[in-house]
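Novice: File structure.txt below, compact mmCIF, C-alpha atoms and all ligand atoms:
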# COMPACT_ATOMS: atom_id res chain seq x y z
CA MET A 30 -56.85 -46.29 31.50
CA GLU A 31 -54.57 -49.30 31.69
CA GLU A 32 -50.94 -48.56 30.88
CA TYR A 33 -50.18 -52.08 29.57
CA TYR A 34 -52.14 -51.40 26.36
CA PHE A 35 -49.44 -49.00 25.34
CA VAL A 36 -46.20 -50.87 26.02
CA ASN A 37 -44.16 -52.04 23.07
CA LEU A 38 -45.81 -49.83 20.50
CA LYS A 39 -43.75 -50.30 17.34
CA THR A 40 -43.47 -46.63 16.50
CA LYS A 41 -40.35 -44.67 15.64
CA THR A 42 -40.83 -41.66 17.91
CA ILE A 43 -44.33 -40.97 19.22
CA GLY A 44 -45.48 -43.47 21.83
CA ARG A 45 -42.09 -44.97 22.73
CA LYS A 46 -43.12 -43.99 26.26
CA VAL A 47 -46.74 -43.54 27.40
CA VAL A 48 -47.78 -42.23 30.80
CA CYS A 49 -51.41 -42.65 31.90
CA HIS A 50 -53.20 -40.63 34.59
CA LYS A 51 -56.70 -40.66 35.98
CA LYS A 52 -57.50 -37.02 36.78
CA VAL A 53 -55.23 -34.09 35.89
CA THR A 54 -55.50 -30.35 35.42
CA SER A 55 -54.37 -30.59 31.79
CA THR A 56 -52.21 -33.20 30.07
CA ASN A 57 -50.35 -30.24 28.52
CA ASP A 58 -49.36 -29.08 32.05
CA LEU A 59 -48.02 -32.54 32.85
CA ALA A 60 -46.21 -32.73 29.53
CA TRP A 61 -44.40 -29.42 30.25
CA LEU A 62 -43.43 -30.74 33.69
CA GLU A 63 -41.94 -33.81 31.99
CA VAL A 64 -40.09 -31.56 29.52
CA THR A 65 -38.38 -29.74 32.37
CA ARG A 66 -37.38 -33.17 33.77
CA GLY A 67 -35.77 -34.04 30.41
CA ALA A 68 -38.46 -36.38 29.04
CA GLU A 69 -37.57 -38.19 25.83
CA GLU A 70 -39.07 -37.08 22.54
CA GLY A 71 -42.34 -38.77 21.66
CA THR A 72 -43.48 -39.26 25.27
CA VAL A 73 -47.29 -39.33 25.38
CA ILE A 74 -49.26 -38.20 28.44
CA ILE A 75 -52.85 -39.45 28.61
CA ALA A 76 -55.60 -38.73 31.14
CA ASP A 77 -59.06 -40.14 31.75
CA GLU A 78 -60.24 -36.70 32.83
CA GLN A 79 -58.98 -33.11 32.78
CA ILE A 80 -60.36 -30.46 35.08
CA CYS A 81 -58.66 -27.51 33.35
CA GLY A 82 -58.33 -28.75 29.76
CA ARG A 83 -57.41 -25.85 27.50
CA GLY A 84 -57.84 -24.97 23.86
CA ARG A 85 -56.40 -22.22 21.69
CA PHE A 86 -56.58 -18.65 23.02
CA GLY A 87 -56.96 -20.04 26.56
CA ARG A 88 -60.46 -21.33 25.88
CA ALA A 89 -61.71 -24.11 28.19
CA TRP A 90 -61.81 -27.64 26.75
CA SER A 91 -64.40 -29.90 28.36
CA SER A 92 -62.79 -33.30 29.10
CA PRO A 93 -65.19 -35.52 31.10
CA ASN A 94 -64.02 -38.81 32.62
CA GLN A 95 -63.37 -41.49 29.96
CA LYS A 96 -65.60 -39.74 27.43
CA GLY A 97 -62.82 -38.87 25.04
CA ILE A 98 -59.15 -38.97 24.22
CA TRP A 99 -57.22 -36.31 26.07
CA LEU A 100 -53.53 -36.60 25.33
CA SER A 101 -50.35 -34.60 24.87
CA VAL A 102 -47.17 -35.47 23.00
CA ILE A 103 -43.69 -34.10 23.77
CA LEU A 104 -41.68 -33.22 20.65
CA TYR A 105 -38.30 -31.62 20.00
CA PRO A 106 -38.50 -31.04 16.25
CA SER A 107 -35.63 -29.54 14.29
CA LEU A 108 -37.76 -26.81 12.84
CA PHE A 109 -37.46 -23.06 12.64
CA PRO A 110 -39.88 -21.41 15.10
CA GLU A 111 -42.12 -20.25 12.22
CA GLU A 112 -42.38 -23.88 11.07
CA THR A 113 -43.82 -25.23 14.32
CA PHE A 114 -47.28 -24.76 12.74
CA LEU A 115 -46.46 -27.97 10.91
CA LEU A 116 -47.11 -29.75 14.21
CA MET A 117 -50.67 -28.43 14.30
CA ALA A 118 -51.13 -29.73 10.75
CA LEU A 119 -49.67 -33.10 11.71
CA GLY A 120 -52.12 -33.46 14.64
CA ALA A 121 -55.17 -32.46 12.61
CA ILE A 122 -54.14 -34.66 9.66
CA ALA A 123 -53.58 -37.72 11.89
CA VAL A 124 -57.01 -37.35 13.55
CA THR A 125 -58.73 -36.84 10.19
CA ASP A 126 -56.85 -39.80 8.69
CA LEU A 127 -58.10 -41.92 11.63
CA LEU A 128 -61.73 -40.86 11.27
CA LYS A 129 -61.77 -41.27 7.49
CA ASN A 130 -59.85 -44.49 7.18
CA LYS A 131 -60.70 -46.41 10.37
CA PHE A 132 -64.25 -45.19 10.89
CA ASN A 133 -65.25 -44.24 7.35
CA LEU A 134 -66.49 -40.85 8.54
CA PRO A 135 -66.42 -37.78 6.26
CA SER A 136 -64.21 -35.66 8.48
CA LEU A 137 -62.39 -32.53 7.38
CA ILE A 138 -60.12 -29.88 8.90
CA ARG A 139 -61.62 -26.47 9.58
CA TRP A 140 -58.49 -24.37 9.55
CA PRO A 141 -56.48 -24.07 11.61
CA ASN A 142 -57.13 -26.72 14.26
CA ASP A 143 -60.66 -28.09 14.28
CA VAL A 144 -61.49 -31.53 13.00
CA ILE A 145 -65.14 -31.52 11.97
CA ILE A 146 -67.80 -33.88 10.74
CA GLY A 147 -70.61 -32.07 8.92
CA ASN A 148 -70.31 -28.69 10.49
CA ARG A 149 -69.67 -29.92 14.04
CA LYS A 150 -66.33 -30.17 15.81
CA VAL A 151 -65.24 -33.63 16.93
CA ALA A 152 -61.61 -32.86 17.83
CA GLY A 153 -59.25 -29.98 18.47
CA ILE A 154 -55.48 -29.61 18.37
CA ILE A 155 -53.26 -27.24 20.32
CA VAL A 156 -49.50 -26.75 19.96
CA GLU A 157 -47.43 -24.94 22.57
CA SER A 158 -43.72 -24.30 21.94
CA LYS A 159 -41.00 -22.88 24.23
CA TYR A 160 -37.26 -22.59 24.54
CA VAL A 161 -36.40 -25.19 27.22
CA ASN A 162 -33.13 -26.97 28.14
CA GLN A 163 -31.28 -25.50 25.13
CA CYS A 164 -33.98 -26.78 22.77
CA PRO A 165 -35.41 -23.78 20.87
CA ASN A 166 -38.59 -25.61 19.87
CA ALA A 167 -39.58 -27.89 22.72
CA SER A 168 -43.22 -28.47 21.82
CA VAL A 169 -46.30 -30.02 23.34
CA LEU A 170 -48.93 -31.20 20.88
CA GLY A 171 -52.30 -31.62 22.60
CA VAL A 172 -55.12 -33.61 21.05
CA GLY A 173 -58.67 -33.62 22.39
CA MET A 174 -61.16 -35.96 20.73
CA ASN A 175 -64.78 -36.44 21.78
CA ILE A 176 -65.51 -40.17 21.69
CA ASN A 177 -68.18 -41.52 24.05
CA ILE A 178 -70.30 -38.41 24.62
CA SER A 179 -73.93 -39.13 23.75
CA GLU A 180 -76.33 -36.53 22.33
CA SER A 181 -78.09 -36.28 25.74
CA GLU A 182 -74.79 -35.74 27.58
CA MET A 183 -73.71 -32.94 25.26
CA PRO A 184 -74.07 -29.56 27.05
CA SER A 185 -76.94 -27.63 25.42
CA GLU A 186 -74.70 -24.72 24.39
CA LEU A 187 -72.47 -27.15 22.45
CA LYS A 188 -75.18 -29.30 20.82
CA ASN A 189 -75.16 -27.55 17.44
CA ILE A 190 -71.42 -27.05 17.20
CA THR A 191 -69.88 -30.16 18.74
CA THR A 192 -70.18 -33.86 18.05
CA SER A 193 -68.55 -37.14 19.08
CA LEU A 194 -67.63 -40.47 17.53
CA LEU A 195 -70.54 -42.14 19.36
CA ILE A 196 -73.02 -39.66 17.90
CA GLU A 197 -71.61 -39.85 14.38
CA ASN A 198 -71.56 -43.64 14.51
CA ASN A 199 -75.18 -43.71 15.66
CA SER A 200 -74.15 -46.12 18.33
CA ALA A 201 -75.14 -46.73 21.94
CA VAL A 202 -72.18 -48.98 22.72
CA PRO A 203 -69.18 -47.02 24.01
CA PHE A 204 -65.90 -47.34 22.12
CA LYS A 205 -62.81 -48.81 23.82
CA LEU A 206 -60.64 -45.72 24.16
CA GLU A 207 -57.39 -47.72 24.39
CA VAL A 208 -57.91 -49.27 20.97
CA ILE A 209 -58.50 -45.90 19.30
CA ILE A 210 -55.55 -44.37 21.16
CA VAL A 211 -53.19 -47.02 19.76
CA ASP A 212 -54.40 -46.28 16.20
CA LEU A 213 -54.08 -42.54 16.83
CA ILE A 214 -50.53 -42.86 18.18
CA TYR A 215 -49.51 -44.86 15.08
CA LEU A 216 -50.93 -42.17 12.80
CA LEU A 217 -49.38 -39.32 14.78
CA ASP A 218 -46.04 -41.10 14.46
CA LYS A 219 -46.55 -41.82 10.73
CA TRP A 220 -47.21 -38.14 10.00
CA TYR A 221 -44.45 -36.94 12.35
CA GLN A 222 -41.93 -39.01 10.39
CA LYS A 223 -42.84 -36.91 7.31
CA ILE A 224 -41.65 -33.87 9.25
CA VAL A 225 -38.53 -35.63 10.52
CA ASN A 226 -37.69 -36.79 6.99
CA LYS A 227 -38.55 -33.38 5.50
CA GLU A 228 -41.26 -34.85 3.27
CA LEU A 229 -43.17 -31.64 3.69
CA ASN A 230 -44.99 -31.95 0.36
CA ALA A 231 -46.92 -34.92 1.74
CA ILE A 232 -48.10 -32.75 4.66
CA GLN A 233 -48.87 -29.80 2.40
CA ASP A 234 -50.88 -31.90 -0.10
CA THR A 235 -52.88 -33.63 2.62
CA TRP A 236 -53.43 -30.32 4.43
CA ARG A 237 -55.13 -29.09 1.25
CA GLU A 238 -56.92 -32.37 0.51
CA PHE A 239 -58.48 -32.59 4.01
CA SER A 240 -59.41 -28.91 4.17
CA ALA A 241 -63.01 -27.81 4.82
CA VAL A 242 -62.18 -24.21 3.91
CA LEU A 243 -60.15 -24.30 0.68
CA ASN A 244 -62.08 -22.56 -2.13
CA LYS A 245 -64.85 -21.68 0.33
CA ASN A 246 -66.21 -18.25 1.19
CA VAL A 247 -65.44 -17.55 4.82
CA SER A 248 -65.52 -14.78 7.37
CA ILE A 249 -62.65 -14.41 9.81
CA GLN A 250 -62.22 -12.39 12.98
CA VAL A 251 -58.89 -10.58 13.25
CA LYS A 252 -58.31 -8.35 16.31
CA GLY A 253 -62.07 -7.83 16.69
CA GLN A 254 -62.51 -6.95 13.02
CA SER A 255 -64.52 -9.14 10.67
CA LEU A 256 -63.16 -9.84 7.17
CA GLU A 257 -64.79 -11.78 4.36
CA GLY A 258 -63.42 -13.47 1.29
CA LYS A 259 -62.62 -16.72 -0.45
CA VAL A 260 -59.81 -19.01 0.73
CA THR A 261 -57.70 -19.40 -2.41
CA ASP A 262 -54.77 -21.27 -0.88
CA LEU A 263 -53.53 -22.66 2.41
CA ASP A 264 -50.16 -23.68 3.79
CA PRO A 265 -49.36 -25.15 7.23
CA CYS A 266 -46.80 -22.40 7.96
CA LYS A 267 -48.09 -19.37 6.02
CA GLY A 268 -51.75 -19.81 7.01
CA ILE A 269 -54.63 -19.08 4.65
CA GLU A 270 -54.73 -16.84 1.60
CA LEU A 271 -57.94 -14.85 1.63
CA LYS A 272 -59.07 -13.06 -1.51
CA ASP A 273 -61.60 -10.26 -0.96
CA ARG A 274 -64.31 -9.10 -3.38
CA SER A 275 -61.97 -6.66 -5.07
CA GLY A 276 -59.54 -9.49 -5.79
CA ASN A 277 -56.92 -8.44 -3.20
CA ALA A 278 -55.27 -11.49 -1.65
CA GLN A 279 -53.62 -11.57 1.77
CA TRP A 280 -52.11 -14.36 3.89
CA TRP A 281 -53.28 -14.74 7.52
CA ARG A 282 -51.47 -16.90 10.03
CA GLY A 283 -53.37 -19.08 12.50
CA GLU A 284 -52.39 -17.14 15.61
CA MET A 285 -53.80 -13.90 14.13
CA VAL A 286 -57.28 -15.32 13.50
CA ASP A 287 -59.61 -15.64 16.50
CA MET A 288 -62.41 -17.31 14.59
CA LEU A 289 -63.26 -18.59 11.12
CA ARG A 290 -66.76 -19.28 9.82
CA VAL A 291 -67.47 -21.01 6.53
CA GLN A 292 -70.35 -19.18 4.85
CA GLN A 293 -73.14 -21.60 4.00
CA ILE A 294 -74.58 -20.97 0.54
CA GLY A 295 -78.32 -21.48 -0.02
C1 LIG A 301 -58.80 -26.37 20.55
O1 LIG A 301 -59.74 -26.82 19.89
O2 LIG A 301 -58.69 -25.15 20.77
C2 LIG A 301 -57.73 -27.32 21.05
C3 LIG A 301 -58.24 -28.26 22.11
C4 LIG A 301 -57.14 -29.18 22.62
C5 LIG A 301 -57.58 -30.00 23.80
C6 LIG A 301 -56.52 -30.99 24.22
S1 LIG A 301 -57.12 -32.22 25.35
C7 LIG A 301 -55.50 -32.76 25.67
C8 LIG A 301 -54.63 -31.54 25.74
N1 LIG A 301 -54.64 -30.97 27.06
C9 LIG A 301 -55.22 -29.78 27.09
O3 LIG A 301 -55.37 -29.08 28.12
N2 LIG A 301 -55.59 -29.41 25.87
C10 LIG A 301 -55.28 -30.43 24.89
So that I can check it, write out the structure of this file as C-alpha cells.

Specialist:
Amino acid sequence: MEEYYFVNLKTKTIGRKVVCHKKVTSTNDLAWLEVTRGAEEGTVIIADEQICGRGRFGRAWSSPNQKGIWLSVILYPSLFPEETFLLMALGAIAVTDLLKNKFNLPSLIRWPNDVIIGNRKVAGIIVESKYVNQCPNASVLGVGMNINISESEMPSELKNITTSLLIENNSAVPFKLEVIIVDLIYLLDKWYQKIVNKELNAIQDTWREFSAVLNKNVSIQVKGQSLEGKVTDLDPCKGIELKDRSGNAQWWRGEMVDMLRVQQIG
C-alpha cells in the first residue's frame, strides 16, 4: 500500500493523517497505540494484512494480504458514552453508501454492524471506546471490507455467509484498493461531520433507510436465549425494537445481542 495515495485528502477530520503498514496484528491495536501517543483525531491506520484481525465479541476477522480494506480510524467525539453507537452507524452507513452509489450494488445493513449484499456479509464494523488522556470517549472505528477475494479463495465454511466486491461484481480483475480507500475515507468523513454538527436526524433516517431488518421477522440470541419477533423500529443508540407475537415491544441494544437472523419467508 503506497502512502502517497493518501496525502492531501481534502477531508475535514478523517484522513488528515494516514499511516500505512504491510503486516500487523490488528489495525485497531496500532490505532490504540497511536491514541496513547496523542494521535490527532481522524488519523487512519491501514494494513495490507492482519494476522489477528478482530470482530465484535472477540471473533476472528480474516484479513488476507491485499484482499480487502482493513483500516481503523481514531476519533475523539463529543458524545455521551451511550451515544458512541452512533460511530458504528456512521461506519456501516459510509460503507453502504459506497457500495450503493459507487458500485451500484444493493447493499444493506444487517443490524448492528454487518454490511450485506443479498444475504452475505461483505463488510463489518467494530467500535472500541475507552477513557484515555482525559478524553472520556477516545474511540477506534475499525472497518473490514472484503474486496479481492474470489469465490475459490473463500474458505468453505464462509462461502454461504460471506461475499466480496470481486464476487458481487462478477469480475476477475482485482480492484485497486487505494482508489476505493480514498472514496471510503471521504464518505466516513462526510458522515462523521453529521455527528460533529449534531445532524443526527440524517444518521437516524439513513440508518432506517439502509436497514435489512426493519419490519422484518427476526430471531435474536440474547445471553444464550433465542427470542423471535418483528423489528418495528431501530435507532443507532437505543438498538432495535422487537415486537413479539403477543404484541409486547422491547428495545435491545447492540452489545446485548450475540446474533441476529432475518427469518426468510417462503
Ligand atoms: C465484525 O464484523 O464483527 C467487525 C469486523 C471488523 C474488522 C476490522 S478490519 C480493520 C479493523 N481491525 C481489526 O482488528 N478489526 C477491524

Novice: Residues within 7 Å of ligand LIG 301 (chain A) (only C-alpha atoms and all ligand atoms), as an NGL selection string?

Specialist: :A and (55-57 or 81-85 or 88 or 90 or 92 or 99-101 or 142-143 or 152-155 or 171-173)

Novice: Under the rule that all atoms listed in the file are counted, which of A:Ile269, A:Ile178, A:Val151, A:Leu38 is the nearest residue to Ala121 (chain A)?

Specialist: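 Looking only at the distances to Ala121 (chain A), the closest residue turns out to be A:Val151.
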
Novice: Find the spatial neighbours of Gly268 (chain A), counting only C-alpha atoms, within a cut-off of 7 Å - ignore same-chain residues fewer than 3 positions away - and output them as a list in words.

Specialist: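 Neighbouring residues, sequence-local ones excluded: Leu263, Asp264, Pro265, Trp280, Trp281, Arg282 and Gly283 of chain A.
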
Novice: Could you pull the residues within 7 Å of Gln250 (chain A), counting all atoms listed in the file, minus those fewer than 3 positions along the same chain, as number ranges by chain?

Specialist: A: 253-256, 286-289

Novice: Within 9 Å of region 65-72 of chain A, which residues of region 140-239 of chain A come that close, and what is the closest atom pair and distance in Å for each? Count all atoms listed in the file and give it as JSON lines.

Specialist:
{"residue": "A:Val161", "atom": "CA", "partner": "A:Thr65", "partner_atom": "CA", "distance": 7.2}
{"residue": "A:Asn162", "atom": "CA", "partner": "A:Thr65", "partner_atom": "CA", "distance": 7.3}
{"residue": "A:Asp218", "atom": "CA", "partner": "A:Gly71", "partner_atom": "CA", "distance": 8.4}

Novice: How many Å separate CA of Val247 (chain A) from CA of Lys259 (chain A)?

Specialist: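 Going from CA of Val247 (chain A) over to CA of Lys259 (chain A), I get 6.0 Å.
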
Novice: Just give me the gap between CA of Asp58 (chain A) and CA of Val156 (chain A) in Å, one decimal is fine.

Specialist: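 Between these atoms lies a distance of 12.3 Å.
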
Novice: Which is closer to Gly120 (chain A) than all the others in A:Leu213, A:Val53, A:Val225, A:Cys266, using only C-alpha atoms?

Specialist: A:Leu213

Novice: Could I see region 237-251 of chain A restored to N, CA, C and O atoms, set down as a PDB file, in the coordinates of the input?

Specialist:
ATOM      1  N   ARG A 237     -54.171 -29.642   2.221  1.00  0.00           N
ATOM      2  CA  ARG A 237     -55.130 -29.090   1.250  1.00  0.00           C
ATOM      3  C   ARG A 237     -56.282 -30.073   1.004  1.00  0.00           C
ATOM      4  O   ARG A 237     -57.442 -29.696   1.000  1.00  0.00           O
ATOM      5  N   GLU A 238     -55.896 -31.358   0.839  1.00  0.00           N
ATOM      6  CA  GLU A 238     -56.920 -32.370   0.510  1.00  0.00           C
ATOM      7  C   GLU A 238     -57.978 -32.490   1.619  1.00  0.00           C
ATOM      8  O   GLU A 238     -59.163 -32.657   1.341  1.00  0.00           O
ATOM      9  N   PHE A 239     -57.560 -32.403   2.888  1.00  0.00           N
ATOM     10  CA  PHE A 239     -58.480 -32.590   4.010  1.00  0.00           C
ATOM     11  C   PHE A 239     -59.162 -31.273   4.437  1.00  0.00           C
ATOM     12  O   PHE A 239     -59.882 -31.255   5.428  1.00  0.00           O
ATOM     13  N   SER A 240     -58.918 -30.208   3.705  1.00  0.00           N
ATOM     14  CA  SER A 240     -59.410 -28.910   4.170  1.00  0.00           C
ATOM     15  C   SER A 240     -60.906 -28.707   3.931  1.00  0.00           C
ATOM     16  O   SER A 240     -61.421 -28.996   2.849  1.00  0.00           O
ATOM     17  N   ALA A 241     -61.586 -28.163   4.959  1.00  0.00           N
ATOM     18  CA  ALA A 241     -63.010 -27.810   4.820  1.00  0.00           C
ATOM     19  C   ALA A 241     -63.152 -26.376   4.347  1.00  0.00           C
ATOM     20  O   ALA A 241     -64.274 -25.919   4.120  1.00  0.00           O
ATOM     21  N   VAL A 242     -62.056 -25.646   4.196  1.00  0.00           N
ATOM     22  CA  VAL A 242     -62.180 -24.210   3.910  1.00  0.00           C
ATOM     23  C   VAL A 242     -61.604 -23.811   2.546  1.00  0.00           C
ATOM     24  O   VAL A 242     -61.923 -22.733   2.039  1.00  0.00           O
ATOM     25  N   LEU A 243     -60.779 -24.668   1.947  1.00  0.00           N
ATOM     26  CA  LEU A 243     -60.150 -24.300   0.680  1.00  0.00           C
ATOM     27  C   LEU A 243     -61.233 -24.091  -0.386  1.00  0.00           C
ATOM     28  O   LEU A 243     -62.131 -24.915  -0.546  1.00  0.00           O
ATOM     29  N   ASN A 244     -61.116 -22.958  -1.090  1.00  0.00           N
ATOM     30  CA  ASN A 244     -62.080 -22.560  -2.130  1.00  0.00           C
ATOM     31  C   ASN A 244     -63.478 -22.262  -1.578  1.00  0.00           C
ATOM     32  O   ASN A 244     -64.448 -22.284  -2.317  1.00  0.00           O
ATOM     33  N   LYS A 245     -63.563 -22.013  -0.287  1.00  0.00           N
ATOM     34  CA  LYS A 245     -64.850 -21.680   0.330  1.00  0.00           C
ATOM     35  C   LYS A 245     -64.867 -20.200   0.704  1.00  0.00           C
ATOM     36  O   LYS A 245     -63.818 -19.609   0.999  1.00  0.00           O
ATOM     37  N   ASN A 246     -66.066 -19.615   0.680  1.00  0.00           N
ATOM     38  CA  ASN A 246     -66.210 -18.250   1.190  1.00  0.00           C
ATOM     39  C   ASN A 246     -66.291 -18.324   2.703  1.00  0.00           C
ATOM     40  O   ASN A 246     -67.057 -19.135   3.248  1.00  0.00           O
ATOM     41  N   VAL A 247     -65.492 -17.491   3.349  1.00  0.00           N
ATOM     42  CA  VAL A 247     -65.440 -17.550   4.820  1.00  0.00           C
ATOM     43  C   VAL A 247     -65.463 -16.130   5.387  1.00  0.00           C
ATOM     44  O   VAL A 247     -65.202 -15.154   4.670  1.00  0.00           O
ATOM     45  N   SER A 248     -65.775 -16.035   6.666  1.00  0.00           N
ATOM     46  CA  SER A 248     -65.520 -14.780   7.370  1.00  0.00           C
ATOM     47  C   SER A 248     -64.556 -15.114   8.509  1.00  0.00           C
ATOM     48  O   SER A 248     -64.650 -16.178   9.135  1.00  0.00           O
ATOM     49  N   ILE A 249     -63.606 -14.198   8.719  1.00  0.00           N
ATOM     50  CA  ILE A 249     -62.650 -14.410   9.810  1.00  0.00           C
ATOM     51  C   ILE A 249     -62.668 -13.194  10.728  1.00  0.00           C
ATOM     52  O   ILE A 249     -63.025 -12.085  10.313  1.00  0.00           O
ATOM     53  N   GLN A 250     -62.287 -13.435  11.959  1.00  0.00           N
ATOM     54  CA  GLN A 250     -62.220 -12.390  12.980  1.00  0.00           C
ATOM     55  C   GLN A 250     -60.749 -12.140  13.279  1.00  0.00           C
ATOM     56  O   GLN A 250     -60.050 -13.063  13.706  1.00  0.00           O
ATOM     57  N   VAL A 251     -60.289 -10.923  12.976  1.00  0.00           N
ATOM     58  CA  VAL A 251     -58.890 -10.580  13.250  1.00  0.00           C
ATOM     59  C   VAL A 251     -58.882  -9.329  14.125  1.00  0.00           C
ATOM     60  O   VAL A 251     -59.354  -8.274  13.702  1.00  0.00           O
TER      61      VAL A 251
END
